[in-house]
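See below for run.txt, which holds compact mmCIF, C-alpha atoms.
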```
# COMPACT_ATOMS: atom_id res chain seq x y z
CA MET A 1 -25.11 4.51 -3.02
CA LEU A 2 -21.99 3.97 -5.09
CA GLN A 3 -23.23 3.45 -8.64
CA THR A 4 -21.18 0.51 -9.78
CA SER A 5 -20.96 -3.20 -9.07
CA GLY A 6 -18.40 -5.57 -7.70
CA TRP A 7 -16.78 -6.55 -4.43
CA LEU A 8 -15.34 -3.13 -3.67
CA ALA A 9 -18.55 -1.24 -4.39
CA ASP A 10 -20.44 -3.75 -2.25
CA THR A 11 -18.16 -3.02 0.71
CA ILE A 12 -18.58 0.74 0.30
CA ASN A 13 -22.35 0.47 -0.04
CA ARG A 14 -22.59 -1.71 3.07
CA HIS A 15 -20.49 0.78 4.99
CA LYS A 16 -22.67 3.67 3.86
CA ALA A 17 -25.72 1.68 4.94
CA GLY A 18 -24.36 1.65 8.48
CA GLU A 19 -22.39 -1.59 8.66
CA PRO A 20 -18.90 -1.01 10.12
CA VAL A 21 -16.98 -2.81 7.38
CA GLY A 22 -14.02 -1.81 5.28
CA VAL A 23 -11.25 -3.10 3.06
CA TYR A 24 -7.50 -2.91 3.37
CA SER A 25 -5.46 -2.13 0.29
CA VAL A 26 -2.15 -3.93 -0.18
CA CYS A 27 0.17 -1.33 -1.71
CA SER A 28 3.15 -3.45 -2.64
CA ALA A 29 4.43 -4.84 -5.91
CA HIS A 30 6.66 -7.54 -4.40
CA PRO A 31 5.47 -11.00 -5.50
CA THR A 32 5.94 -12.50 -2.03
CA VAL A 33 3.76 -9.80 -0.47
CA VAL A 34 1.14 -10.27 -3.18
CA GLU A 35 1.15 -14.02 -2.57
CA ALA A 36 0.72 -13.46 1.16
CA ALA A 37 -2.20 -11.11 0.50
CA ILE A 38 -3.96 -13.63 -1.71
CA ALA A 39 -3.43 -16.39 0.84
CA GLN A 40 -4.86 -14.17 3.59
CA ALA A 41 -7.91 -13.32 1.49
CA ALA A 42 -8.45 -16.99 0.68
CA ASP A 43 -8.44 -17.88 4.37
CA ASP A 44 -10.77 -14.96 5.13
CA GLY A 45 -13.20 -15.95 2.36
CA SER A 46 -12.91 -12.42 1.00
CA TYR A 47 -11.63 -10.57 -2.03
CA VAL A 48 -8.21 -8.96 -2.20
CA LEU A 49 -7.46 -5.34 -3.12
CA ILE A 50 -3.95 -4.87 -4.47
CA GLU A 51 -2.69 -1.48 -5.60
CA ALA A 52 0.44 -0.51 -7.46
CA THR A 53 1.80 2.96 -6.81
CA SER A 54 2.98 5.21 -9.61
CA ASN A 55 6.63 4.94 -8.56
CA GLN A 56 6.47 1.12 -8.49
CA VAL A 57 4.63 0.51 -11.76
CA ASP A 58 4.25 2.95 -14.64
CA GLN A 59 4.24 3.04 -18.43
CA PHE A 60 8.05 2.96 -18.39
CA GLY A 61 8.35 0.18 -15.78
CA GLY A 62 8.79 2.11 -12.52
CA TYR A 63 11.36 0.92 -10.01
CA THR A 64 10.05 -2.65 -10.27
CA GLY A 65 10.55 -2.77 -14.03
CA LEU A 66 6.87 -3.65 -14.46
CA ARG A 67 4.26 -1.87 -16.56
CA PRO A 68 0.61 -1.97 -15.45
CA ALA A 69 -0.31 -4.91 -17.71
CA GLU A 70 2.75 -6.84 -16.55
CA PHE A 71 1.94 -6.29 -12.89
CA ARG A 72 -1.65 -7.36 -13.59
CA ASP A 73 -0.37 -10.56 -15.14
CA LEU A 74 1.92 -11.17 -12.16
CA VAL A 75 -0.95 -10.80 -9.69
CA LEU A 76 -3.40 -12.91 -11.68
CA GLY A 77 -0.74 -15.55 -12.28
CA LEU A 78 -0.23 -15.86 -8.52
CA ALA A 79 -3.99 -16.04 -8.03
CA ASP A 80 -4.18 -18.87 -10.55
CA ARG A 81 -1.36 -20.75 -8.85
CA LEU A 82 -3.12 -20.45 -5.52
CA ALA A 83 -6.50 -21.43 -7.03
CA PHE A 84 -7.92 -18.04 -6.06
CA ALA A 85 -10.71 -16.87 -8.36
CA ARG A 86 -9.66 -14.00 -10.60
CA ASN A 87 -12.98 -12.22 -10.05
CA ARG A 88 -12.01 -11.89 -6.37
CA VAL A 89 -8.95 -9.81 -7.30
CA VAL A 90 -9.44 -6.02 -7.41
CA LEU A 91 -6.57 -4.03 -8.89
CA GLY A 92 -5.97 -0.38 -8.17
CA GLY A 93 -3.54 2.36 -9.10
CA ASP A 94 -2.32 4.57 -6.25
CA HIS A 95 -1.02 8.16 -6.52
CA LEU A 96 -1.66 8.26 -10.26
CA GLY A 97 -0.82 11.71 -11.49
CA PRO A 98 2.24 13.88 -12.13
CA ASN A 99 4.01 12.95 -8.86
CA ARG A 100 6.66 10.80 -10.53
CA TRP A 101 7.59 13.66 -12.89
CA ARG A 102 7.13 16.60 -10.51
CA ARG A 103 10.64 17.88 -11.29
CA GLU A 104 9.41 18.65 -14.81
CA PHE A 105 7.13 21.49 -15.91
CA ALA A 106 3.46 20.80 -15.30
CA SER A 107 2.63 20.50 -19.00
CA ALA A 108 5.15 17.70 -19.51
CA ALA A 109 4.36 15.99 -16.22
CA MET A 110 0.62 15.99 -16.90
CA ALA A 111 1.13 14.58 -20.39
CA LYS A 112 3.02 11.67 -18.87
CA ALA A 113 0.35 11.34 -16.19
CA GLU A 114 -2.28 10.99 -18.91
CA ALA A 115 -0.32 8.17 -20.51
CA LEU A 116 0.04 6.58 -17.07
CA ILE A 117 -3.72 6.65 -16.52
CA VAL A 118 -4.39 5.12 -19.94
CA ALA A 119 -1.93 2.29 -19.24
CA TYR A 120 -3.68 1.43 -15.97
CA VAL A 121 -7.22 1.60 -17.35
CA ASP A 122 -6.31 -0.35 -20.47
CA ALA A 123 -4.82 -3.05 -18.24
CA GLY A 124 -8.12 -3.43 -16.37
CA TYR A 125 -7.47 -1.64 -13.09
CA THR A 126 -10.83 -0.67 -11.59
CA LYS A 127 -9.81 1.61 -8.68
CA ILE A 128 -7.93 4.76 -9.63
CA HIS A 129 -6.53 7.30 -7.19
CA LEU A 130 -6.35 10.63 -9.02
CA ASP A 131 -3.48 12.33 -7.20
CA CYS A 132 -2.61 15.74 -8.60
CA SER A 133 -1.64 17.21 -5.23
CA MET A 134 2.12 17.44 -5.86
CA SER A 135 3.61 20.63 -7.29
CA CYS A 136 5.59 20.46 -10.51
CA ALA A 137 8.71 22.44 -11.37
CA ASP A 138 6.86 25.56 -12.52
CA ASP A 139 4.11 25.41 -9.88
CA PRO A 140 3.84 27.27 -6.59
CA THR A 141 4.95 25.27 -3.55
CA VAL A 142 1.36 24.57 -2.53
CA LEU A 143 -1.39 24.09 -5.11
CA ASP A 144 -4.89 25.30 -4.37
CA ASP A 145 -7.85 22.94 -4.50
CA GLU A 146 -9.12 24.33 -7.77
CA VAL A 147 -5.87 23.56 -9.63
CA VAL A 148 -5.65 20.09 -8.12
CA ALA A 149 -9.29 19.35 -8.90
CA GLY A 150 -8.97 20.68 -12.44
CA ARG A 151 -6.02 18.41 -13.12
CA ALA A 152 -7.88 15.47 -11.56
CA ALA A 153 -10.81 16.14 -13.91
CA ARG A 154 -8.41 16.17 -16.85
CA LEU A 155 -7.08 12.75 -15.85
CA MET A 156 -10.59 11.45 -15.20
CA ARG A 157 -11.57 12.40 -18.73
CA VAL A 158 -8.60 10.43 -20.05
CA ALA A 159 -9.57 7.44 -17.90
CA GLU A 160 -13.20 7.53 -19.01
CA ASP A 161 -12.22 7.78 -22.67
CA ALA A 162 -9.85 4.82 -22.29
CA ALA A 163 -12.58 2.74 -20.60
CA HIS A 164 -15.03 3.65 -23.38
CA ARG A 165 -12.56 2.60 -26.08
CA GLY A 166 -12.04 -0.67 -24.27
CA GLY A 167 -15.76 -1.33 -23.99
CA THR A 168 -15.70 -1.46 -20.17
CA ASP A 169 -17.40 0.42 -17.38
CA GLY A 170 -15.27 3.24 -16.04
CA PRO A 171 -13.30 2.66 -12.83
CA MET A 172 -14.10 3.85 -9.34
CA TYR A 173 -12.14 6.91 -8.26
CA VAL A 174 -10.44 8.26 -5.17
CA ILE A 175 -9.85 12.01 -4.86
CA GLY A 176 -8.24 14.28 -2.31
CA THR A 177 -5.71 17.08 -1.99
CA GLU A 178 -4.41 16.28 1.48
CA VAL A 179 -2.43 13.26 0.39
CA PRO A 180 0.48 11.91 2.48
CA VAL A 181 3.79 11.38 0.72
CA PRO A 182 4.01 7.81 -0.65
CA GLY A 183 6.00 5.55 1.69
CA GLY A 184 5.85 7.60 4.88
CA ALA A 185 7.12 10.97 6.04
CA HIS A 186 10.67 12.13 5.29
CA GLU A 187 10.99 14.28 8.40
CA THR A 188 10.84 13.31 12.07
CA LEU A 189 7.28 13.55 13.39
CA ASP A 190 5.85 14.00 16.86
CA HIS A 191 2.27 15.12 16.13
CA LEU A 192 -0.19 15.44 13.28
CA THR A 193 -3.36 17.49 13.03
CA PRO A 194 -6.23 15.82 11.15
CA THR A 195 -7.65 17.58 8.12
CA PRO A 196 -10.03 20.36 9.23
CA ALA A 197 -13.65 19.62 8.33
CA ASP A 198 -14.09 22.81 6.34
CA ARG A 199 -11.03 22.01 4.25
CA ALA A 200 -12.41 18.55 3.45
CA ARG A 201 -15.73 20.09 2.39
CA LYS A 202 -13.90 22.57 0.19
CA THR A 203 -11.98 19.73 -1.46
CA ILE A 204 -15.19 17.85 -2.25
CA ALA A 205 -16.83 20.99 -3.61
CA ALA A 206 -13.83 21.85 -5.78
CA HIS A 207 -13.77 18.40 -7.34
CA ARG A 208 -17.52 18.31 -7.88
CA THR A 209 -17.32 21.67 -9.65
CA ALA A 210 -14.31 20.67 -11.75
CA PHE A 211 -16.01 17.47 -12.87
CA GLU A 212 -19.15 19.40 -13.84
CA GLU A 213 -17.11 21.89 -15.82
CA ALA A 214 -15.46 18.98 -17.64
CA ALA A 215 -18.90 17.44 -18.41
CA LEU A 216 -18.10 14.56 -16.06
CA GLN A 217 -20.89 15.06 -13.54
CA HIS A 218 -22.30 11.66 -14.51
CA VAL A 219 -19.09 10.08 -13.17
CA TRP A 220 -19.44 11.62 -9.71
CA PRO A 221 -21.44 8.62 -8.37
CA ARG A 222 -18.35 6.47 -9.05
CA VAL A 223 -16.15 8.62 -6.82
CA MET A 224 -15.88 6.28 -3.84
CA ALA A 225 -13.45 7.90 -1.43
CA LEU A 226 -11.78 11.07 -0.28
CA VAL A 227 -8.22 11.08 1.03
CA VAL A 228 -7.92 13.16 4.16
CA GLN A 229 -5.42 13.11 7.01
CA PRO A 230 -6.85 11.25 10.03
CA GLY A 231 -3.75 12.08 12.07
CA VAL A 232 -1.80 8.89 11.41
CA GLU A 233 1.68 8.63 9.99
CA PHE A 234 5.08 7.08 10.52
CA ASP A 235 8.62 8.23 9.97
CA HIS A 236 11.88 6.32 10.27
CA LEU A 237 11.65 5.65 14.01
CA HIS A 238 8.19 6.71 15.20
CA VAL A 239 4.53 5.95 14.64
CA ILE A 240 1.75 8.46 15.31
CA ASP A 241 -1.35 6.57 16.42
CA TYR A 242 -4.91 7.45 15.53
CA GLU A 243 -6.83 9.53 18.10
CA ARG A 244 -10.51 9.35 17.25
CA SER A 245 -11.39 12.23 19.59
CA ALA A 246 -9.56 14.54 17.16
CA THR A 247 -11.69 13.62 14.13
CA VAL A 248 -15.24 14.12 15.43
CA GLU A 249 -15.96 17.13 13.19
CA LEU A 250 -14.10 15.70 10.22
CA ARG A 251 -16.20 12.53 10.26
CA ARG A 252 -19.39 14.58 9.89
CA VAL A 253 -18.25 15.76 6.46
CA LEU A 254 -19.57 12.51 5.03
CA ASP A 255 -23.03 12.75 6.60
CA ASN A 256 -24.60 14.11 3.42
CA GLU A 257 -22.41 12.24 0.93
CA ASP A 258 -24.28 9.09 -0.02
CA HIS A 259 -21.42 7.26 -1.75
CA LEU A 260 -18.23 8.69 -0.24
CA VAL A 261 -16.04 7.15 2.46
CA PHE A 262 -12.60 8.20 3.61
CA GLU A 263 -9.42 6.51 2.45
CA ALA A 264 -6.59 6.40 4.99
CA HIS A 265 -3.02 6.41 3.74
CA SER A 266 0.05 5.59 5.83
CA THR A 267 -1.83 3.38 8.29
CA ASP A 268 1.24 1.13 8.51
CA TYR A 269 2.16 0.09 12.06
CA GLN A 270 -1.10 1.29 13.61
CA ARG A 271 -2.21 -0.85 16.55
CA PRO A 272 -5.15 -3.24 15.99
CA ALA A 273 -7.57 -1.20 18.12
CA GLN A 274 -6.76 1.97 16.18
CA LEU A 275 -7.27 0.22 12.84
CA ARG A 276 -10.72 -0.87 13.99
CA GLU A 277 -11.54 2.65 15.15
CA LEU A 278 -10.52 4.04 11.76
CA VAL A 279 -12.97 1.71 10.01
CA GLU A 280 -15.75 2.54 12.45
CA ASP A 281 -15.04 6.25 11.90
CA HIS A 282 -15.55 5.94 8.11
CA TRP A 283 -12.00 5.37 6.94
CA ALA A 284 -13.37 2.35 5.12
CA VAL A 285 -10.25 1.94 2.97
CA LEU A 286 -7.00 1.36 4.86
CA LYS A 287 -3.80 1.57 2.83
CA VAL A 288 -0.77 -0.47 3.93
CA GLY A 289 2.53 -0.95 2.14
CA PRO A 290 5.91 -0.47 3.84
CA ALA A 291 4.76 -2.40 6.93
CA LEU A 292 4.36 -5.48 4.73
CA THR A 293 7.84 -5.36 3.21
CA PHE A 294 9.13 -4.45 6.69
CA ALA A 295 7.66 -7.75 7.94
CA MET A 296 9.13 -9.59 4.96
CA ARG A 297 12.55 -8.13 5.76
CA GLU A 298 12.17 -9.21 9.39
CA ALA A 299 11.51 -12.77 8.29
CA LEU A 300 14.32 -12.89 5.74
CA PHE A 301 16.85 -11.39 8.13
CA ALA A 302 15.74 -13.87 10.81
CA LEU A 303 16.28 -16.70 8.33
CA ALA A 304 19.72 -15.28 7.49
CA LEU A 305 20.64 -15.50 11.17
CA ILE A 306 19.40 -19.08 11.25
CA GLU A 307 21.44 -19.80 8.13
CA ALA A 308 24.54 -18.51 9.89
CA GLU A 309 24.01 -21.14 12.60
CA LEU A 310 23.58 -24.00 10.13
CA ILE A 311 25.53 -23.34 6.93
CA PRO A 312 29.33 -23.03 6.56
CA ARG A 313 30.38 -19.52 5.57
CA PRO A 314 31.48 -20.29 1.98
CA SER A 315 28.00 -21.68 1.20
CA ARG A 316 25.89 -19.01 2.89
CA SER A 317 23.73 -16.55 1.00
CA ASN A 318 25.11 -13.67 3.09
CA LEU A 319 21.80 -11.90 2.42
CA ILE A 320 22.22 -9.14 4.99
CA GLU A 321 25.71 -8.29 3.74
CA VAL A 322 24.58 -8.35 0.11
CA VAL A 323 21.70 -5.99 0.86
CA GLU A 324 24.04 -3.58 2.65
CA ARG A 325 26.56 -3.66 -0.18
CA ARG A 326 23.96 -2.99 -2.86
CA MET A 327 22.35 -0.17 -0.87
CA LEU A 328 25.74 1.51 -0.47
CA ALA A 329 26.57 1.02 -4.15
CA ASN A 330 23.22 2.49 -5.26
CA PRO A 331 22.17 4.99 -2.58
CA GLU A 332 19.60 6.97 -4.60
CA HIS A 333 16.62 5.41 -2.80
CA TRP A 334 17.79 6.20 0.75
CA ARG A 335 20.55 8.84 0.77
CA SER A 336 18.24 11.87 0.94
CA TYR A 337 16.09 10.23 3.64
CA TYR A 338 18.52 8.85 6.23
CA GLU A 339 20.71 11.37 8.03
CA GLY A 340 23.20 11.09 10.87
CA ASP A 341 26.49 9.30 11.51
CA PRO A 342 27.41 6.05 9.74
CA ILE A 343 25.95 3.80 12.44
CA THR A 344 22.66 5.73 12.49
CA GLN A 345 22.44 5.52 8.72
CA ARG A 346 23.21 1.81 8.69
CA THR A 347 20.53 1.17 11.30
CA ALA A 348 18.02 3.15 9.26
CA ARG A 349 18.94 1.38 6.02
CA ARG A 350 18.19 -1.98 7.62
CA TYR A 351 15.43 -1.34 10.13
CA SER A 352 13.65 1.97 9.47
CA TYR A 353 9.84 1.97 9.56
CA SER A 354 9.93 3.80 6.24
CA ASP A 355 11.68 0.72 4.82
CA ARG A 356 13.64 2.26 1.99
CA LEU A 357 15.22 -1.20 1.74
CA ARG A 358 12.08 -2.31 -0.14
CA TYR A 359 13.43 -0.63 -3.28
CA TYR A 360 16.33 -3.11 -3.38
CA TRP A 361 14.57 -6.50 -3.34
CA ALA A 362 14.33 -6.38 -7.15
CA ASP A 363 18.10 -5.89 -7.45
CA ALA A 364 19.55 -8.94 -9.21
CA GLU A 365 22.23 -9.62 -6.56
CA VAL A 366 19.82 -9.16 -3.67
CA ASP A 367 17.20 -11.40 -5.26
CA ALA A 368 19.83 -14.07 -5.96
CA ALA A 369 20.93 -13.96 -2.31
CA ARG A 370 17.31 -14.28 -1.19
CA ARG A 371 16.82 -17.32 -3.37
CA ASP A 372 20.08 -18.87 -2.13
CA LEU A 373 18.97 -18.33 1.45
CA LEU A 374 15.66 -20.11 0.95
CA ALA A 375 17.33 -22.95 -0.98
CA ASN A 376 20.00 -23.45 1.68
CA LEU A 377 17.42 -23.74 4.45
CA ASP A 378 15.16 -26.00 2.41
CA ARG A 379 18.13 -28.29 1.83
CA THR A 380 19.22 -28.47 5.46
CA GLY A 381 15.86 -28.12 7.17
CA ILE A 382 15.30 -25.69 10.03
CA PRO A 383 15.48 -27.06 13.58
CA MET A 384 12.47 -26.09 15.65
CA PRO A 385 14.49 -24.46 18.47
CA LEU A 386 15.97 -22.02 15.95
CA ILE A 387 12.50 -21.13 14.68
CA SER A 388 11.49 -20.53 18.29
CA GLN A 389 14.52 -18.28 18.78
CA PHE A 390 14.08 -16.10 15.69
CA LEU A 391 10.42 -16.45 14.58
CA PRO A 392 8.44 -17.24 17.73
CA TYR A 393 4.94 -16.58 16.32
CA GLN A 394 5.63 -18.93 13.44
CA TYR A 395 7.00 -21.48 15.90
CA ASP A 396 3.69 -21.45 17.77
CA ARG A 397 1.75 -22.02 14.54
CA ILE A 398 4.01 -24.88 13.52
CA ARG A 399 3.50 -26.52 16.92
CA ALA A 400 -0.26 -26.09 16.47
CA GLY A 401 -0.16 -27.80 13.08
CA GLU A 402 -1.11 -24.62 11.21
CA LEU A 403 2.16 -23.99 9.35
CA GLU A 404 4.95 -25.98 7.73
CA PRO A 405 8.58 -25.34 8.82
CA VAL A 406 9.59 -24.38 5.28
CA ALA A 407 11.55 -21.17 4.70
CA GLN A 408 9.20 -19.51 2.21
CA SER A 409 6.17 -20.49 4.29
CA LEU A 410 7.74 -18.76 7.29
CA VAL A 411 8.26 -15.58 5.25
CA LEU A 412 4.70 -15.57 3.94
CA ASP A 413 3.26 -16.13 7.40
CA ARG A 414 5.34 -13.32 8.91
CA ILE A 415 3.97 -10.96 6.27
CA ARG A 416 0.48 -12.14 7.11
CA ASP A 417 1.17 -11.22 10.74
CA ALA A 418 1.16 -7.62 9.49
CA MET A 419 -2.07 -8.21 7.54
CA ARG A 420 -4.11 -10.03 10.18
CA PRO A 421 -4.93 -6.87 12.21
CA TYR A 422 -6.23 -5.25 9.01
CA SER A 423 -8.35 -8.28 8.21
CA ARG A 424 -9.94 -8.18 11.66
CA ALA A 425 -10.40 -4.41 11.60
CA CYS A 426 -12.29 -4.51 8.30
CA ARG A 427 -14.82 -7.13 9.36
CA SER A 428 -18.29 -6.36 10.59
CA THR A 429 -18.75 -6.62 14.35
CA THR A 430 -21.86 -8.67 13.65
CA ALA A 431 -20.10 -11.47 11.80
CA ASP A 432 -16.88 -13.44 11.96
CA ALA A 433 -16.02 -12.49 8.38
CA LEU A 434 -17.22 -10.11 5.72
CA ALA A 435 -20.65 -11.28 4.54
CA PHE A 436 -20.12 -10.80 0.84
CA THR A 437 -23.25 -10.66 -1.24
CA GLY A 438 -21.71 -12.08 -4.38
CA ALA A 439 -21.95 -8.77 -6.19
CA ALA A 440 -18.96 -9.63 -8.38
CA GLU A 441 -20.25 -12.98 -9.54
```
As a first step, turn the structure in this file into structure tokens.
Amino acid sequence: MLQTSGWLADTINRHKAGEPVGVYSVCSAHPTVVEAAIAQAADDGSYVLIEATSNQVDQFGGYTGLRPAEFRDLVLGLADRLAFARNRVVLGGDHLGPNRWRREFASAAMAKAEALIVAYVDAGYTKIHLDCSMSCADDPTVLDDEVVAGRAARLMRVAEDAAHRGGTDGPMYVIGTEVPVPGGAHETLDHLTPTPADRARKTIAAHRTAFEEAALQHVWPRVMALVVQPGVEFDHLHVIDYERSATVELRRVLDNEDHLVFEAHSTDYQRPAQLRELVEDHWAVLKVGPALTFAMREALFALALIEAELIPRPSRSNLIEVVERRMLANPEHWRSYYEGDPITQRTARRYSYSDRLRYYWADAEVDAARRDLLANLDRTGIPMPLISQFLPYQYDRIRAGELEPVAQSLVLDRIRDAMRPYSRACRSTTADALAFTGAAE
């Protein structure tokens, strides 16, 4: 049994007791996505797990400009506005380690990783993914498990010391050396081989040994999950679906681990049946990120097309054109990912599964255009036939009396379309919703 308390620990303990339940982790720092996640959790009667990745939020601000405490305040502020209890919000830090500074020597990168961990723990994040799998400038191309585990133990010590200084229980941890690249694969994919069972066992053993050598063996019962590759991934144009027949041996790795589940990264765009199979097969934590901002982009672009039908050109937001202009003016977030001729690159910039466009929503011009778009449509109203044309699922919900035909509401609901399969996949087959025991109260 996982030796801690709270909503997340309760889910893991129920799963380890044989109940096929799980939790999906919303890995996005965009306020609209966070709001959609809280609204979904409220309707489900559940808690919400929201994780910031190290490239989004760090001690320097990340690409969002937010530090861990500032992102915490953003999330909790949205929860307050939506009358969602703060004790039903679980905050996590994803890929915390030297990844963001891997172009530097390991000594410098790890020093910054230590400061990153302290910032997250001090801000009250209670789920920490210790990710030391990426090589730094003076490292070999592939790090062995012992090096990765040793660095993870070093960061765990920093986290535990920070929690002790703050007078709080230490966080729960996620470990693993076979960690997918944040945000999806860079290269074109056609097949993935799941992590071999013996490699997963070696990873667990290496971390257990490293923690013992660092006098952290008492923390081992708070290690909740191991990241392994279940054979799921996406690139710019393709999705590799889960095949449970390929993970039979891998799943047995957990048979003798009384508090460990698997954590699945890059589950974005998996079909509902495959998400459910992942939970049943002990991937009790499902990470999703780009698929949510992908859905948000779908909704905003659909609204931009509606705007073009209703608003004279001088008054339009021109959101799609503004996004394209800003991506071309600042190509650092997509240039090394999208290859091909100009039309292929333009298509990828706008529509790729990897959704490098998500890095640009915080741009001042793009955000202003988004706000103008929503204001224009709120002022004119949106005729139902246009909603049917461009957002048919939302049209059906409006007709059923479940949704208001307001621009922002349409965006939030489209994002929730990407969350609903995760919500269903994580529920027990014996109940309509997660039967929470109130462990966090």
Report as AutoDock Vina command-line options the centre and the edge lengths, in Å to one decimal, of the axis-aligned box holding every listed atom of range 364-374 of chain A, padded by 3 Å on each side.
```
--center_x 18.9 --center_y -14.5 --center_z -3.9 --size_x 12.6 --size_y 17.2 --size_z 16.7
```
Mind checking which residues fall within 10 Å of Glu257 in chain A, counting only C-alpha atoms, ignoring those fewer than 6 positions away in the same chain, and posting them as a list in words?
-> Met1, Lys16 and Ile204 of chain A
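With distances restricted to only C-alpha atoms, A:Thr4 is the closest residue to Thr168 in chain A from A:Thr4, A:Phe84, A:Ser245, A:Ile343.
Considering the residues A:Glu104, A:Glu35, A:Asp235, A:Glu249 and counting all atoms listed in the file, Asp198 in chain A has its shortest atom-to-atom contact with A:Glu249.
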May I ask for the distance between CA of His282 in chain A and CA of Val228 in chain A, given in Å to one decimal place?
-> 11.2 Å
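Here CA of Ala425 in chain A stands at a distance of 17.3 Å from CA of Ile50 in chain A.
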Counting only C-alpha atoms, write as a PyMOL selection string all protein and nucleic acid residues lying at most 7 Å from (-13.2, 4.5, 6.1) in the file's frame.
-> chain A and resi 22+261-264+278-279+281-285
For range 116-119 of chain A, work out the shell of residues within 9 Å, counting all atoms listed in the file and skipping chain neighbours fewer than 2 positions away, then give it as a ChimeraX atom specification.
-> /A:54,58-60,67-69,93,96-97,111-114,121-124,128,130,155-156,158-159,161-163
Go ahead and dump the residues you just picked, C-alpha atoms, as a PDB file, in the frame of the given file.
```pdb
ATOM      1  CA  SER A  54       2.980   5.210  -9.610  1.00  0.00           C
ATOM      2  CA  ASP A  58       4.250   2.950 -14.640  1.00  0.00           C
ATOM      3  CA  GLN A  59       4.240   3.040 -18.430  1.00  0.00           C
ATOM      4  CA  PHE A  60       8.050   2.960 -18.390  1.00  0.00           C
ATOM      5  CA  ARG A  67       4.260  -1.870 -16.560  1.00  0.00           C
ATOM      6  CA  PRO A  68       0.610  -1.970 -15.450  1.00  0.00           C
ATOM      7  CA  ALA A  69      -0.310  -4.910 -17.710  1.00  0.00           C
ATOM      8  CA  GLY A  93      -3.540   2.360  -9.100  1.00  0.00           C
ATOM      9  CA  LEU A  96      -1.660   8.260 -10.260  1.00  0.00           C
ATOM     10  CA  GLY A  97      -0.820  11.710 -11.490  1.00  0.00           C
ATOM     11  CA  ALA A 111       1.130  14.580 -20.390  1.00  0.00           C
ATOM     12  CA  LYS A 112       3.020  11.670 -18.870  1.00  0.00           C
ATOM     13  CA  ALA A 113       0.350  11.340 -16.190  1.00  0.00           C
ATOM     14  CA  GLU A 114      -2.280  10.990 -18.910  1.00  0.00           C
ATOM     15  CA  VAL A 121      -7.220   1.600 -17.350  1.00  0.00           C
ATOM     16  CA  ASP A 122      -6.310  -0.350 -20.470  1.00  0.00           C
ATOM     17  CA  ALA A 123      -4.820  -3.050 -18.240  1.00  0.00           C
ATOM     18  CA  GLY A 124      -8.120  -3.430 -16.370  1.00  0.00           C
ATOM     19  CA  ILE A 128      -7.930   4.760  -9.630  1.00  0.00           C
ATOM     20  CA  LEU A 130      -6.350  10.630  -9.020  1.00  0.00           C
ATOM     21  CA  LEU A 155      -7.080  12.750 -15.850  1.00  0.00           C
ATOM     22  CA  MET A 156     -10.590  11.450 -15.200  1.00  0.00           C
ATOM     23  CA  VAL A 158      -8.600  10.430 -20.050  1.00  0.00           C
ATOM     24  CA  ALA A 159      -9.570   7.440 -17.900  1.00  0.00           C
ATOM     25  CA  ASP A 161     -12.220   7.780 -22.670  1.00  0.00           C
ATOM     26  CA  ALA A 162      -9.850   4.820 -22.290  1.00  0.00           C
ATOM     27  CA  ALA A 163     -12.580   2.740 -20.600  1.00  0.00           C
TER      28      ALA A 163
END
```
Anything within 8 Å of (25.0, -8.9, -3.9): list those residues as a list in words, counting all atoms listed in the file and sticking to the file's coordinates.
-> Leu319, Glu321, Val322, Val323, Arg325, Arg326, Ala364, Glu365, Val366, Ala368 and Ala369 of chain A
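Our summary of the geometry notes that CA of Leu76 in chain A is positioned 15.9 Å from CA of Ser46 in chain A.
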Between A:Thr64, A:Arg199, A:Leu254, A:Asp241, smallest distance to Tyr360 in chain A by all atoms listed in the file belongs to A:Thr64
Selected residue, from A:Arg201, A:Arg379, A:Lys127, A:Arg358, that lies nearest to Asp169 in chain A when counting only C-alpha atoms = A:Lys127
Between A:Leu8, A:Leu250, A:His129, A:Ala153, which one has atoms that come closest to Val90 in chain A, using all atoms listed in the file?
-> A:Leu8
May I have the residues within 6 Å of range 134-143 of chain A as JSON, numbers by chain, using all atoms listed in the file and disregarding those fewer than 6 positions away in the same chain?
-> {"A": [99, 102, 103, 104, 105, 106]}
Contact residues around Arg335 in chain A with all atoms listed in the file at 12 Å, ignoring same-chain residues under 2 positions, as number ranges by chain | A: 186, 327-333, 337-340, 342, 345-346, 348-349, 356-357
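Counting only C-alpha atoms and comparing A:Arg416, A:Val232, A:Arg222, A:Leu374, the residue that lies closest to Asp258 in chain A is A:Arg222.
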Range 398-407 of chain A: which residues within 7 Å, counting all atoms listed in the file, same-chain residues fewer than 2 positions away excluded, as JSON, numbers by chain?
-> {"A": [374, 377, 378, 382, 394, 395, 396, 409, 410, 411]}
